[in-house]
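Report on one structure; see the data block that follows.
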Amino acid sequence: MRAQPAERNDLEELQKAEQSRGVESVPVEPEAEDMLQLRARVARLEAQAVPHADGAPVRTTVSGRYRSAGVATQLELRVDVDGPRPMKRISGDFFQTSGATTSYVGSFVVEAPTATTAEGLVKLSGQGKFSFPVVSPHVEVTMARSANGAVPPGPATVTFSTDGGGPSASYLCSFVSPHFRSVQLEQDSVAGTVPFVSYDTGSLPQPPSSPARVLTVPAAYAEAGIEIQIAGTPNVIPTDAAGPDERWSDAELHNAMVNHFSLWRDAPRWQVWQLLATSYVEDGVRGIMFDAGGAFQRQGFAAFHDAIKGEDPASRRAQLRTHVHELGHAFNLLHSWQKNLADPPQPLGPNGGFGDRSWMNYVQNYQPPPPAPGGQAAYWADFPFQFTDSELVHLRHGFYRDVIMGSNPFGVGAAEIDVDLFDNPVIDNSGLTLELRSNGSFLFGEPVVIEVKLATTDLRGCVTHGRLHPKDGFVTVAIRTPSGEAKVYRPALIRCVDQELQTVLDADRSAIYESAYIGYGKDGFYFQQPGRYQLRAQYYAADGSRVLSQVHQLTVRSPRTDADEAVAELMSGDEQGTLFYLLGSHAETLRSGNEALDEVLDHYPDHPLAVYSRMVKGFNASRDFKDLNPDKKLRIRRANTDESISQLNKVVEASVGEQGVDNITLGQVMRRLARVEARTGNPQRATLLMDEMVDVFRRKNLNPHVMQDIQAQAERTKEAVTRP
């Protein structure tokens with residue numbers, strides 16, 4: 001069986017390659033030569049290779065990116081069999097051109113291809129895994145390996161054939177780049193921040209096997225085979241209008257992201273945006289990835305300068321790691337301990353991933369299998385400033401839509417998981433227990449908030465971290481819907497809390513608690529149908545232990561009245577879900593959502609769900625709002641303290657009994673209300689509010705240890721609001 005005829009573009013590319021090597025080119029017509037004959041011509045390229053002066057030929061590596069020049073269908077080929085850290089794979093993406101448009105078709109990868117070399121030809125072959133059904137799964141790549149190391153590799157001929165050996169399609173791909181993929185990085189920075197430039201890895205101790213070298217962010221990715229091109233000159237955003245408020249909230253970052261991308265067409269592209277901001281509203285957060293539900297998935301991230309600033313070697317090292325880490329999320333790389341939640345699931349590294357010597361691990365959580373030491377000093381002593389092999393495979397050979405920015409969401413596939421996969425460990429010596437709590441019953445459309453409780457079973461004391469909110473990446477919540485579908489809750493924004501935070505649980509403080517809104521995330525709303533839901537959570541402890549909760553059940557009740565249906569409808573749009581997640585926003589793109597919440601308060605002010613609209617409005621009105629426009633101008637919308645006090649007081653009134661928001665959220669509301677009162681010049685009222693908060697929770701007969709925490713929160717807030 002003859003292979004498909006060669007196209008004229010293929011022949012022209014081959015003839016150029018022949019001429020560049022001084023090989024006599026015999027012109028032919030496309031119909032006179034098929035792709036199999038082209039391979040014979042490729043072999044001639046080796047015959048007249050120029051040896052080096054000492055007579056010893058230097059073989060050119062063949063790894064890199066290749067591209068065919070066909071008119072209808074194009075193939076972008078990646079060969080990864082030699083050169084730095086070869087992953088022994090062939091992969092590629094198919095594109096189809098119709099008129100003036102080109103569309104992605106699918107991808108393939110060959111793992112561990114068979115390699116043979118004969119007469120100057122390198123032949124790689126194996127069974128491919130495709131992202132779409134095929135009848136020709138066998139892949140063969142043939143190319144010439146030049147003996148002159150100064151010249152780039154010659155073209156590669158790629159043939160796809162059936163299991164019986166019959167070829168069905170062939171492509172002639174010219175060498176494009178030694179990099180497997182290329183991405184443009186656009187950078188903006190807030191005035192007063194100092195963008196990271198480079199770090200000399202020899203400045204501080206590192207593994208003996210890791211050579212000292214100067215690394216920039218592009219250089220770090222170049223070592224992984226990925227080209228990072230800096231797009232244009234970074235913009236510096238003036239912040240004079242913000243005054244002393246240098247902290248950025250989730251709502252402000254989300255608004256900056258949607259405004260930035262409003263100038264872009266909603267399509268996948270090898271392009272990513274970085275904002276270097278001053279600091280986050282909570283301490284300890286070094287970076288955050290913009291990945292809210294909807295468009296422009298994984299296309300932007302922020303790094304927080306104040307958490308990593310400094311010119312000393314340790315600070316520069318931290319800056320390099322933070323920037324490479326956050327950009328890794330844009331490539332759809334998960335944290336080291338979360339790879340089993342990917343699609344398809346990836347094997348975890350040593351000690352459940354906490355022992356990975358990777359950019360994607362947390363410095364403070366590094367813990368190789370015992371008895372090896374862990375923590376920050378051990379991480380830097382072991383870290384070779386590189387990605388792990390499995391991460392390289394994803395970066396270089398992950399299917400197109402799983403890697404390119406703006407396509408599949410972060411961790412896509414983690415939503416398709418069975419709750420039963422969260423198996424109990426055979427042996428659990430962690431000394432910890434995890435529990436999920438909720439009101440147990442929710443109105444249809446009501447924001448679902450759960451309480452996460454971490455307790456110790458060893459009252460002698462247990463040291464771990466206190467990061468219990470799913471958006472910090474250490475607690476994963478699996479949800480089984482009434483229809484039997486199982487998925488993992490995925491927060492709309494991923495925070496990287498790369499800072500050591502130890503919590504001691506003992507007889508004096510046996511448990512810690514966190515409230516988490518899990519009704520809305522990257523996949524939209526998670527509780528969209530009435531019925532019974534099953535939830536189970538997994539906590540990743542500081543030593544790598546995985547602590548499982550028991551299955552928690554909750555019910556979403558069907559609407560009973562016309563008002564129930566109307567309010568649920570008003571609270572169920574994507575914009576409303578985003579507003580609940582962000583606790584309000586002035587973003588223009590969320591105007592419809594804000595109007596829907598206003599309608600709830602205007603027409604159904606006494607409905608039980610109105611309390612959530614009031615809370616969102618009250619929190620949003622309590623804070624100044626930094627509006628970073630698409631033209632990179634920063635406009636400040638000042639807080640409306642009167643509106644905030646009015647709305648938050650009504651939330652408190654509705655929640656001091658058995659109704660309203662949950663207890664942890666109520667505490668957050670009352671502390672925010674106290675701060676707003678202090679901002680208006682009424683610190684005495686703020687102090688009284690904190691005393692009232694303690695009394696409210698004392699009347700609820702809460703656990704004494706919980707009351708101790710509430711009392712401590714009240715005292716800290718009093719101190720803050722009365723500070724000169």
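Just so we're on the same page: first chain in the structure tokens is A, next is B, and so on; residues restart at 1 for each chain, and ligands are numbered from 1 in the order they show up.
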
For His254 (chain A), list every protein, DNA or RNA residue within 9 Å, evaluated using only C-alpha atoms, and leave out those in the same chain fewer than 2 positions away; present the list as an MDAnalysis selection string. chainID A and resid 249:252 256:259 290:292 493 582 585 587

Keeping only all heavy atoms, write those residues as a CSV table (one decimal), in the first residue's frame.
```
chain,number,residue,atom,x,y,z
A,249,SER,N,-7.5,42.2,47.7
A,249,SER,CA,-8.4,41.2,48.1
A,249,SER,C,-8.7,40.3,46.9
A,249,SER,O,-8.4,40.6,45.8
A,249,SER,CB,-9.7,41.9,48.5
A,249,SER,OG,-10.4,42.5,47.5
A,250,ASP,N,-9.4,39.2,47.2
A,250,ASP,CA,-9.8,38.3,46.1
A,250,ASP,C,-10.7,39.0,45.1
A,250,ASP,O,-10.5,38.8,43.9
A,250,ASP,CB,-10.6,37.1,46.6
A,250,ASP,CG,-9.7,36.1,47.4
A,250,ASP,OD1,-8.5,36.2,47.2
A,250,ASP,OD2,-10.3,35.3,48.1
A,251,ALA,N,-11.6,39.9,45.6
A,251,ALA,CA,-12.5,40.6,44.7
A,251,ALA,C,-11.7,41.6,43.8
A,251,ALA,O,-12.0,41.7,42.6
A,251,ALA,CB,-13.5,41.4,45.5
A,252,GLU,N,-10.7,42.3,44.3
A,252,GLU,CA,-9.9,43.2,43.5
A,252,GLU,C,-9.1,42.5,42.5
A,252,GLU,O,-8.9,42.9,41.3
A,252,GLU,CB,-9.1,44.0,44.4
A,252,GLU,CG,-9.9,45.0,45.3
A,252,GLU,CD,-9.1,45.6,46.4
A,252,GLU,OE1,-8.1,45.0,46.8
A,252,GLU,OE2,-9.5,46.7,46.9
A,256,ALA,N,-9.3,42.7,38.5
A,256,ALA,CA,-8.1,43.0,37.6
A,256,ALA,C,-8.0,42.0,36.5
A,256,ALA,O,-7.7,42.3,35.4
A,256,ALA,CB,-6.9,43.1,38.5
A,257,MET,N,-8.2,40.8,36.9
A,257,MET,CA,-8.1,39.7,35.9
A,257,MET,C,-9.1,39.8,34.8
A,257,MET,O,-8.8,39.8,33.6
A,257,MET,CB,-8.2,38.3,36.6
A,257,MET,CG,-8.1,37.1,35.7
A,257,MET,SD,-9.7,36.5,35.1
A,257,MET,CE,-10.5,35.9,36.6
A,258,VAL,N,-10.4,40.0,35.1
A,258,VAL,CA,-11.4,40.0,34.1
A,258,VAL,C,-11.3,41.3,33.2
A,258,VAL,O,-11.5,41.3,32.0
A,258,VAL,CB,-12.8,39.9,34.7
A,258,VAL,CG1,-13.0,38.6,35.3
A,258,VAL,CG2,-13.1,41.0,35.7
A,259,ASN,N,-10.8,42.4,33.9
A,259,ASN,CA,-10.6,43.6,33.1
A,259,ASN,C,-9.5,43.5,32.1
A,259,ASN,O,-9.5,43.9,31.0
A,259,ASN,CB,-10.3,44.8,34.0
A,259,ASN,CG,-11.6,45.4,34.6
A,259,ASN,OD1,-12.7,45.1,34.2
A,259,ASN,ND2,-11.4,46.2,35.7
A,290,PHE,N,-5.5,33.1,39.0
A,290,PHE,CA,-6.8,33.4,38.6
A,290,PHE,C,-7.4,32.3,37.8
A,290,PHE,O,-6.9,31.9,36.7
A,290,PHE,CB,-6.7,34.7,37.6
A,290,PHE,CG,-6.1,35.9,38.2
A,290,PHE,CD1,-5.1,36.5,37.5
A,290,PHE,CD2,-6.4,36.3,39.5
A,290,PHE,CE1,-4.5,37.6,38.1
A,290,PHE,CE2,-5.8,37.4,40.0
A,290,PHE,CZ,-4.8,38.1,39.3
A,291,ASP,N,-8.4,31.6,38.3
A,291,ASP,CA,-9.0,30.5,37.7
A,291,ASP,C,-10.5,30.4,38.0
A,291,ASP,O,-11.0,29.3,38.3
A,291,ASP,CB,-8.3,29.2,38.1
A,291,ASP,CG,-8.6,28.1,37.1
A,291,ASP,OD1,-9.0,28.4,36.0
A,291,ASP,OD2,-8.3,26.9,37.5
A,292,ALA,N,-11.1,31.6,38.1
A,292,ALA,CA,-12.5,31.5,38.4
A,292,ALA,C,-13.3,30.8,37.3
A,292,ALA,O,-12.9,30.7,36.2
A,292,ALA,CB,-13.1,33.0,38.5
A,493,LEU,N,-10.5,30.3,43.2
A,493,LEU,CA,-9.1,30.9,43.2
A,493,LEU,C,-8.2,30.0,44.0
A,493,LEU,O,-8.6,29.5,45.1
A,493,LEU,CB,-9.1,32.3,43.8
A,493,LEU,CG,-9.9,33.4,43.0
A,493,LEU,CD1,-10.0,34.7,43.8
A,493,LEU,CD2,-9.3,33.6,41.7
A,582,LEU,N,-16.6,35.7,46.5
A,582,LEU,CA,-15.7,36.8,46.8
A,582,LEU,C,-16.2,37.7,47.9
A,582,LEU,O,-15.5,38.6,48.3
A,582,LEU,CB,-15.6,37.7,45.5
A,582,LEU,CG,-15.0,37.0,44.3
A,582,LEU,CD1,-15.0,38.0,43.1
A,582,LEU,CD2,-13.5,36.6,44.5
A,585,SER,N,-18.3,42.4,45.2
A,585,SER,CA,-17.3,43.0,44.3
A,585,SER,C,-18.0,44.1,43.6
A,585,SER,O,-19.2,44.1,43.3
A,585,SER,CB,-16.8,42.0,43.3
A,585,SER,OG,-16.0,42.6,42.3
A,587,ALA,N,-16.9,44.9,40.5
A,587,ALA,CA,-16.5,44.6,39.1
A,587,ALA,C,-17.7,44.8,38.2
A,587,ALA,O,-18.8,44.4,38.4
A,587,ALA,CB,-16.0,43.2,39.0
```

From a backbone DSSP assignment, name each residue in region 435-611 of chain A labelled strand (DSSP E), as a ChimeraX atom specification. /A:435-437,441-443,449-456,462-465,475-480,486-488,493-496,502-505,511-517,520-521,524-525,531-540,546-548,552-557

Would you please extract all helix (DSSP H, G or I) residues from region 124-254 of chain A, as assigned by DSSP on the backbone, and give them as a list in words?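 Listing helix (DSSP H, G or I) positions across region 124-254 of chain A yields Val217, Pro218, Ala219, Ala220, Tyr221, Ala222, Asp240, Ala241, Ala242, Asp250, Ala251, Glu252, Leu253 and His254 of chain A.
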
Once you count only C-alpha atoms, what closest atom pair and distance in Å to one decimal does each residue of region 109-217 of chain A within 7 Å of region 377-384 of chain A have, with rows by chain and rising residue number, as a tab-separated table?
```
residue	atom	partner	partner_atom	distance
A:Pro205	CA	A:Ala381	CA	6.5
A:Gln206	CA	A:Ala381	CA	5.0
A:Pro207	CA	A:Asp382	CA	5.4
A:Ser210	CA	A:Pro384	CA	5.2
```

Residues as selected, N, CA and C atoms, written as a PDB file, in the first residue's frame, can you do that?
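Heads up, here's the output in again.pdb:
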```pdb
ATOM      1  N   PRO A 205      23.884  27.282  49.869  1.00  0.00           N
ATOM      2  CA  PRO A 205      24.082  25.829  49.720  1.00  0.00           C
ATOM      3  C   PRO A 205      22.960  25.177  48.928  1.00  0.00           C
ATOM      4  N   GLN A 206      23.334  24.203  48.126  1.00  0.00           N
ATOM      5  CA  GLN A 206      22.401  23.445  47.300  1.00  0.00           C
ATOM      6  C   GLN A 206      22.962  22.046  47.127  1.00  0.00           C
ATOM      7  N   PRO A 207      22.206  21.134  46.535  1.00  0.00           N
ATOM      8  CA  PRO A 207      22.715  19.770  46.369  1.00  0.00           C
ATOM      9  C   PRO A 207      24.009  19.751  45.555  1.00  0.00           C
ATOM     10  N   SER A 210      23.674  19.519  41.800  1.00  0.00           N
ATOM     11  CA  SER A 210      23.031  20.610  41.066  1.00  0.00           C
ATOM     12  C   SER A 210      24.071  21.669  40.733  1.00  0.00           C
TER      13      SER A 210
END
```

Per residue of region 68-173 of chain A within 8 Å of region 391-401 of chain A, note the shortest atom pair and the distance in Å to one decimal, counting only C-alpha atoms, and order the rows by chain and increasing residue number, as a tab-separated table.
```
residue	atom	partner	partner_atom	distance
A:Arg78	CA	A:His397	CA	7.6
A:Met87	CA	A:Val393	CA	6.6
A:Arg89	CA	A:His397	CA	7.8
A:Ile90	CA	A:His397	CA	7.7
A:Ser91	CA	A:His397	CA	5.8
A:Gly92	CA	A:His397	CA	7.6
A:Asp93	CA	A:Tyr400	CA	6.6
A:Gly106	CA	A:Tyr400	CA	7.6
A:Ser107	CA	A:Phe399	CA	5.6
A:Phe108	CA	A:Phe399	CA	7.1
A:Val109	CA	A:His397	CA	6.8
A:Ser131	CA	A:Phe399	CA	7.5
```

Selected residues written out, C-alpha atoms, as a compact mmCIF listing (two decimals), in the first residue's frame:
```
# COMPACT_ATOMS: atom_id res chain seq x y z
CA ARG A 78 7.67 16.85 19.76
CA MET A 87 11.59 11.70 28.85
CA ARG A 89 8.51 10.13 24.38
CA ILE A 90 7.11 11.31 21.09
CA SER A 91 4.01 13.49 21.10
CA GLY A 92 2.15 15.82 18.81
CA ASP A 93 -0.91 17.95 18.14
CA GLY A 106 -6.43 16.22 18.74
CA SER A 107 -3.20 15.00 20.32
CA PHE A 108 -1.17 11.83 20.71
CA VAL A 109 1.77 10.56 22.73
CA SER A 131 -7.15 12.00 22.49
```

May I ask for the distance between CA of Arg675 (chain A) and CA of Gln647 (chain A), given in Å to one decimal place?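 Interatomic distance here is 14.2 Å.
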